[in-house]
Structures are given as structure tokens and as C-alpha cells.
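A.B. asks: Below are the C-alpha cells for one structure; questions will follow.
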Amino acid sequence: METATGKPLIELNDIKKVYPMGDVDVHALRGVDLDIVSGEMLAIIGPSGSGKSTLMNIIGCMDQPSGGSYHLDGQDVSSLDVKALARIRNEKLGFVFQRYNLLARTSARYNVQLPLFYAGQSGAEVEKKALAALDMVGLSAHAHHRPNQMSGGQQQRVAIARAMVGNPLVILADEPTGALDTVSSNEIMEIFRRMNRENGVTVIIITHEMEVARYCQRQIHIRDGKIIDDAPITDPVPFCLEGL
């Protein structure tokens with residue numbers, strides 16, 4: 001599926017990222033070209049220091065490239081200022097991180113509502129959307145539970161609900177199963193896959209684990225700041241939602 005403009009949802013052209021470190025320049029990305037169409041679920045794979053997290057930060061409008069161009073949904077976001085990037089993140093992107101990043105003293109429902117508050121929404125509709133998002137990840141009965149009353153897998157489901165509540169175009173998940181056991185990891189990846197299939201959201205998984213990547217349709221291998229391979233997943237994990 002492509003955007004209304006007929007172009008890929010995400011277009012990266014010759015993206016470079018350089019970090020000055022004293023007298024030395026560290027080249028985190030060295031001319032990355034990447035197109036992602038709407039509705040894809042893909043994995044960006046690479047070891048520590050490969051540039052995959054830097055690439056995620058640029059795709060997620062959390063950082064700006066040192067060179068090249070980045071178009072998101074037809075808009076050139078390469079040189080937007082901080083305020084404009086924040087608006088793009090809130091309107092079009094959702095994020096899931098390894099350590100959940102939930103507010104410890106508030107309920108699951110309140111954690112999920114936060115992006116809507118930041119977007120200026122309020123009232124009963126916000127609560128309704130949050131409860132619907134929690135229901136999507138199988139946690140409607142845990143809406144009033146605080147993070148310390150839930151398992152790691154349940155906390156990550158709350159984080160996914162929070163990422164989805166604003167109906168983003170893209171979900172970016174950075175090592176989303178890194179803090180979980182195998183069973184919880186598999187359940188989380190099935191939830192991502194269901195969101196992709198049923199809601200049409202584009203899902204980008206940042207990982208160093210091939211077993212996680214096998215839940216996706218496509219794998220992007222990055223090393224030393226360059227894409228070294230871009231190919232379909234040939235042996236995906238069979239689709240299963242039992243127990244979710």
C-alpha cells in the first residue's frame with residue numbers, strides 16, 4: 001500500500017549522521033537509502049554500534065540527519081525545527097521501547113491517555129480511546145492497575161496501547177522484547193503483527209535478534225552505518241494469536 005501521493009510512506013535518500021567527538025567525527029550513518037511503503041512490517045537488524053538506533057531516531061523524528069533527505073508521508077522532515085518535529089511525532093508516530101517508559105505511580109489507562117493529552121484532547125473521549133487501546137492488547141481488565149502490579153509482558157502491552165492510541169501511521173519499536181522472557185516476547189511480537197494486519201499500521205522493529213525479525217515481512221541489515229542487505233523474510237514465524 002502506498003500513500004495518497006503514490007510514493008512510499010518513508011523515503012530516506014543518502015542519509016548521513018555525524019557526531020563530533022572532540023577532534024574526531026564519528027560517522028554513525030554513511031549514506032543510507034531506504035524506502036518503506038505503508039502497511040509493511042520490517043526489522044532493522046544490526047549489532048551494537050551498527051547505526052540501527054541512530055537510524056530509528058531519524059525515522060522517528062527524534063534527531064536530524066547531517067546530510068541527505070527524509071520524506072515522511074510526502075513531507076520533507078529533514079530540516080524541520082524541534083517544535084515541528086514534535087508535532088510530527090505526536091500526529092504520525094508511535095514509540096515502544098525496551099524498558100516500557102511508563103509512569104510508575106499512575107494507572108495503565110492514564111499511561112495510555114498521555115499522548116492524547118499532549119495532542120490537546122480531553123474529556124470522556126480520551127478515556128474511551130484509552131480503554132479501546134487497552135482492549136486491543138488484551139488488558140481491558142487491567143486498566144486501573146499500576147505498572148508495579150503487572151508483569152513485564154503486561155507493561156509492554158500497555159506501552160503498545162499507548163503507542164497505538166493516537167492511530168499513528170508508523171510504530172517504531174526499539175528492542176521491544178529485550179527485557180522479556182521467551183513466552184512474553186513471542187506474545188508481544190504477535191501483538192505487533194496483529195496491529196499491522198488488522199489496523200494497517202506500518203511497524204518497524206529495531207533488534208539484534210533474528211528470532212524477533214522472523215515475525216516481520218522484511219529485514220534490513222545494517223553494519224558500520226550502511227545497509228548491507230535488504231530482503232524478504234523467507235522463514236517467518238507462523239501466525240498465531242492463541243492466549244492473547
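Residues in the C-alpha cells are named by chain (A, B, ... in the order shown) and by number from 1 within that chain; ligands are numbered from 1 in the order shown.
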Using only C-alpha atoms, which protein or nucleic acid residues come within 10 Å of Ile227 (chain A)? Drop anything in the same chain fewer than 4 positions from it, and give the result as a ChimeraX atom specification.

C.D. replies: /A:29-34,44-46,50-52,220-223

A.B. asks: Need the shell around region 75-78 of chain A: protein/DNA/RNA residues with any atom at most 8 Å away, counting only C-alpha atoms. Skip same-chain ones fewer than 6 positions apart. Format as a list in words?

C.D. replies: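 What passes the distance filter is Cys61, Gln64, Pro65, Gly68, Ser69 and Leu85 of chain A.
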
A.B. asks: Keeping only N, CA, C and O atoms, write the selected residues as a short mmCIF file (atom, residue, chain, number, x, y, z; two decimals), in the first residue's frame.

C.D. replies:
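Resulting contents of again.cif:
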```cif
data_model
loop_
_atom_site.label_atom_id
_atom_site.label_comp_id
_atom_site.auth_asym_id
_atom_site.auth_seq_id
_atom_site.Cartn_x
_atom_site.Cartn_y
_atom_site.Cartn_z
N CYS A 61 11.92 11.01 13.89
CA CYS A 61 11.96 12.48 14.04
C CYS A 61 12.44 12.89 15.43
O CYS A 61 12.04 13.94 15.95
N GLN A 64 17.95 14.78 13.68
CA GLN A 64 18.01 15.24 12.30
C GLN A 64 19.28 14.71 11.64
O GLN A 64 20.32 14.61 12.29
N PRO A 65 19.20 14.37 10.37
CA PRO A 65 20.40 13.88 9.68
C PRO A 65 21.41 15.01 9.44
O PRO A 65 21.04 16.18 9.39
N GLY A 68 21.58 14.45 3.47
CA GLY A 68 20.56 13.64 2.83
C GLY A 68 19.17 14.18 3.09
O GLY A 68 18.99 15.22 3.75
N SER A 69 18.16 13.48 2.60
CA SER A 69 16.78 13.92 2.77
C SER A 69 15.91 12.79 3.30
O SER A 69 16.15 11.61 3.05
N LEU A 85 9.08 18.98 14.55
CA LEU A 85 9.35 17.55 14.69
C LEU A 85 8.50 16.94 15.80
O LEU A 85 8.00 15.82 15.66
#
```

A.B. asks: Could you check which of A:Ala179, A:Val112, A:Ile188, A:Met150 is closest to Ile205 (chain A), using only C-alpha atoms?

C.D. replies: A:Ile188

A.B. asks: So that I can check the surroundings of region 105-107 of chain A, please list as a compact mmCIF listing (two decimals) with N, CA and C atoms, in the first residue's frame every protein, DNA and RNA residue that reaches within 7 Å of it, counting only C-alpha atoms and ignoring chain neighbours fewer than 5 positions away.

C.D. replies:
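After the write, selection07.txt holds the following:
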```txt
# COMPACT_ATOMS: atom_id res chain seq x y z
N ALA A 143 -7.00 -1.94 33.44
CA ALA A 143 -6.96 -0.51 33.16
C ALA A 143 -6.56 0.32 34.38
N HIS A 144 -6.93 -0.14 35.57
CA HIS A 144 -6.67 0.64 36.79
C HIS A 144 -5.43 0.15 37.54
N HIS A 145 -4.72 -0.80 36.98
CA HIS A 145 -3.51 -1.31 37.62
C HIS A 145 -2.33 -0.40 37.34
N ARG A 146 -1.46 -0.24 38.33
CA ARG A 146 -0.21 0.49 38.13
C ARG A 146 0.85 -0.46 37.58
```

A.B. asks: Would you mind listing, for every residue of region 60-175 of chain A within 9 Å of region 190-194 of chain A, the two atoms forming the shortest contact and the distance between them in Å to one decimal, using only C-alpha atoms, sorted by chain and ascending residue number, as CSV?

C.D. replies:
```
residue,atom,partner,partner_atom,distance
A:Met136,CA,A:Ile191,CA,8.7
A:Val137,CA,A:Ile191,CA,6.8
A:Arg157,CA,A:Ile191,CA,8.3
A:Ile160,CA,A:Phe192,CA,8.1
A:Ile171,CA,A:Phe192,CA,8.9
```

A.B. asks: With all heavy atoms retained, write the just-selected residues as a short mmCIF file (atom, residue, chain, number, x, y, z; two decimals), in the first residue's frame.

C.D. replies:
```cif
data_model
loop_
_atom_site.label_atom_id
_atom_site.label_comp_id
_atom_site.auth_asym_id
_atom_site.auth_seq_id
_atom_site.Cartn_x
_atom_site.Cartn_y
_atom_site.Cartn_z
N MET A 136 -7.43 -3.74 22.84
CA MET A 136 -6.74 -4.30 21.68
C MET A 136 -5.56 -5.18 22.07
O MET A 136 -5.20 -6.11 21.36
CB MET A 136 -6.24 -3.18 20.75
CG MET A 136 -7.28 -2.57 19.85
SD MET A 136 -6.55 -1.60 18.51
CE MET A 136 -5.65 -0.35 19.44
N VAL A 137 -4.92 -4.85 23.20
CA VAL A 137 -3.76 -5.64 23.64
C VAL A 137 -4.12 -6.61 24.76
O VAL A 137 -3.25 -7.16 25.43
CB VAL A 137 -2.59 -4.72 24.07
CG1 VAL A 137 -2.13 -3.86 22.91
CG2 VAL A 137 -2.97 -3.85 25.27
N ARG A 157 2.66 -4.42 26.90
CA ARG A 157 1.38 -4.28 26.21
C ARG A 157 0.78 -2.89 26.45
O ARG A 157 0.20 -2.30 25.53
CB ARG A 157 0.40 -5.35 26.70
CG ARG A 157 0.76 -6.76 26.29
CD ARG A 157 -0.37 -7.70 26.62
NE ARG A 157 0.03 -9.10 26.50
CZ ARG A 157 -0.82 -10.10 26.33
NH1 ARG A 157 -2.12 -9.85 26.28
NH2 ARG A 157 -0.40 -11.34 26.24
N ILE A 160 2.49 -0.59 24.16
CA ILE A 160 1.99 -0.73 22.78
C ILE A 160 0.65 -0.01 22.64
O ILE A 160 0.39 0.68 21.65
CB ILE A 160 1.87 -2.21 22.39
CG1 ILE A 160 3.26 -2.86 22.34
CG2 ILE A 160 1.17 -2.36 21.03
CD1 ILE A 160 3.22 -4.37 22.16
N ILE A 171 4.59 2.66 13.78
CA ILE A 171 5.06 2.28 15.11
C ILE A 171 6.54 1.94 15.01
O ILE A 171 6.93 1.10 14.19
CB ILE A 171 4.30 1.06 15.66
CG1 ILE A 171 2.83 1.38 15.91
CG2 ILE A 171 4.96 0.54 16.94
CD1 ILE A 171 2.57 2.27 17.10
#
```

A.B. asks: Counting only C-alpha atoms, figure out which residue out of A:Ile88, A:Ala43, A:Leu114, A:Val96 gets nearest to Lys129 (chain A).

C.D. replies: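 Of A:Ile88, A:Ala43, A:Leu114, A:Val96, the one nearest Lys129 (chain A) is A:Leu114, counting only C-alpha atoms.
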
A.B. asks: Looking at A:Gln155, A:Asn167, A:Asn57, A:Asn199, which one is nearest to Arg99 (chain A), with distances taken over only C-alpha atoms?

C.D. replies: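 Ranked by minimum distance to Arg99 (chain A), first place goes to A:Gln155.
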
A.B. asks: Out of A:Leu116, A:Val201, A:Glu209, A:Met164, which residue has the shortest atom-to-atom distance to Ala132 (chain A) when counting only C-alpha atoms?

C.D. replies: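 Of A:Leu116, A:Val201, A:Glu209, A:Met164, the one nearest Ala132 (chain A), counting only C-alpha atoms, is A:Met164.
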
A.B. asks: When DSSP is applied to the backbone of this structure, which of region 140-223 of chain A are assigned strand (DSSP E)? Write them out as a VMD selection string.

C.D. replies: chain A and resid 170 to 174 202 to 207 218 to 223

A.B. asks: Grab the residues selected above and save them as a compact mmCIF listing (two decimals), in the first residue's frame with C-alpha atoms.

C.D. replies:
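Okay, this is what ended up in again-v2.txt:
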```
# COMPACT_ATOMS: atom_id res chain seq x y z
CA VAL A 170 4.12 4.20 11.96
CA ILE A 171 5.06 2.28 15.11
CA LEU A 172 8.78 2.24 15.92
CA ALA A 173 9.81 -0.40 18.46
CA ASP A 174 13.37 -0.35 19.79
CA THR A 202 3.45 0.30 9.49
CA VAL A 203 5.65 -1.43 12.09
CA ILE A 204 9.44 -1.02 12.29
CA ILE A 205 11.23 -3.29 14.77
CA ILE A 206 14.80 -2.43 15.80
CA THR A 207 16.54 -5.58 17.02
CA ARG A 218 11.28 -7.83 5.53
CA GLN A 219 14.73 -7.48 7.08
CA ILE A 220 17.18 -4.60 6.75
CA HIS A 221 20.70 -5.48 7.88
CA ILE A 222 22.86 -2.52 8.88
CA ARG A 223 26.55 -2.53 9.75
```

A.B. asks: Looking only at the backbone, which of the residues in region 46-167 of chain A does DSSP tag as helix (DSSP H, G or I), as a PyMOL selection string?

C.D. replies: chain A and resi 52-59+82-92+108-118+124-136+140-142+147-149+152-164

A.B. asks: Write the residues you've just listed into a file as a compact mmCIF listing (two decimals), in the first residue's frame, and include C-alpha atoms for each of them.

C.D. replies:
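Final file, selection-v1.txt:
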```txt
# COMPACT_ATOMS: atom_id res chain seq x y z
CA LYS A 52 20.41 1.00 13.81
CA SER A 53 19.38 3.13 16.80
CA THR A 54 20.60 6.29 15.05
CA LEU A 55 18.53 5.31 12.03
CA MET A 56 15.49 4.78 14.24
CA ASN A 57 15.97 8.19 15.84
CA ILE A 58 15.99 9.85 12.43
CA ILE A 59 12.98 7.89 11.14
CA VAL A 82 12.31 20.98 17.14
CA LYS A 83 8.71 22.15 17.56
CA ALA A 84 7.68 20.92 14.11
CA LEU A 85 9.35 17.55 14.69
CA ALA A 86 7.49 17.17 17.98
CA ARG A 87 4.19 17.78 16.19
CA ILE A 88 5.05 15.15 13.55
CA ARG A 89 5.92 12.63 16.27
CA ASN A 90 2.63 13.22 18.06
CA GLU A 91 0.49 13.09 14.93
CA LYS A 92 2.07 10.32 12.87
CA ALA A 108 -2.39 1.73 32.80
CA ARG A 109 -5.29 3.79 31.47
CA TYR A 110 -3.63 7.07 32.39
CA ASN A 111 -0.35 5.99 30.80
CA VAL A 112 -2.19 5.20 27.57
CA GLN A 113 -4.05 8.53 27.65
CA LEU A 114 -0.86 10.62 27.81
CA PRO A 115 -0.30 11.05 24.04
CA LEU A 116 -3.89 12.28 23.70
CA PHE A 117 -3.36 14.85 26.44
CA TYR A 118 -0.21 16.07 24.66
CA ALA A 124 -14.68 11.32 28.10
CA GLU A 125 -13.48 10.58 24.55
CA VAL A 126 -9.89 10.33 25.76
CA GLU A 127 -10.83 7.69 28.34
CA LYS A 128 -12.86 5.82 25.74
CA LYS A 129 -9.91 5.73 23.31
CA ALA A 130 -7.51 4.58 26.03
CA LEU A 131 -9.79 1.75 27.11
CA ALA A 132 -10.24 0.66 23.49
CA ALA A 133 -6.46 0.61 23.02
CA LEU A 134 -6.00 -1.48 26.18
CA ASP A 135 -8.68 -3.86 24.93
CA MET A 136 -6.74 -4.30 21.68
CA SER A 140 -9.05 -4.09 29.48
CA ALA A 141 -9.30 -5.76 32.90
CA HIS A 142 -6.03 -4.11 33.99
CA PRO A 147 2.94 -0.79 36.39
CA ASN A 148 4.26 -2.43 39.58
CA GLN A 149 1.09 -4.53 39.67
CA GLY A 152 6.93 -7.15 32.24
CA GLY A 153 4.91 -8.52 29.32
CA GLN A 154 1.79 -6.72 30.53
CA GLN A 155 3.72 -3.46 30.94
CA GLN A 156 4.96 -3.75 27.37
CA ARG A 157 1.38 -4.28 26.21
CA VAL A 158 0.45 -1.03 27.94
CA ALA A 159 3.31 0.65 26.08
CA ILE A 160 1.99 -0.73 22.78
CA ALA A 161 -1.52 0.52 23.60
CA ARG A 162 -0.04 3.95 24.37
CA ALA A 163 1.78 3.93 21.02
CA MET A 164 -1.40 2.94 19.15
```

A.B. asks: Quick one: of A:Glu175, A:Gly120, A:Asn101, A:Met41, who's nearest to Arg214 (chain A), counting only C-alpha atoms?

C.D. replies: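 Distance minimum relative to Arg214 (chain A) lands on A:Met41.
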
A.B. asks: Interatomic distance between CA of Gly138 (chain A) and CA of His208 (chain A)?

C.D. replies: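 Computing it gives 27.1 Å between the two atoms.
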
A.B. asks: In Å to one decimal, how far is CA of Pro47 (chain A) from CA of Ile15 (chain A)?

C.D. replies: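 CA of Pro47 (chain A) lies 19.4 Å from CA of Ile15 (chain A).
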
A.B. asks: How many Å lie between CA of Ala213 (chain A) and CA of Leu42 (chain A), rounded to one decimal?

C.D. replies: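 Computing the Euclidean distance for CA of Ala213 (chain A) and CA of Leu42 (chain A) yields 7.5 Å.
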
A.B. asks: Considering only C-alpha atoms, can you say which of A:Ala28, A:Val18, A:Val37, A:Leu169 comes closest to Asp224 (chain A)?

C.D. replies: A:Ala28

A.B. asks: Excluding Gly67 (chain A) and its own-chain neighbours fewer than 4 positions away, which residues fall within 8 Å of it when counting only C-alpha atoms? Please give them as a ChimeraX atom specification.

C.D. replies: /A:14-17
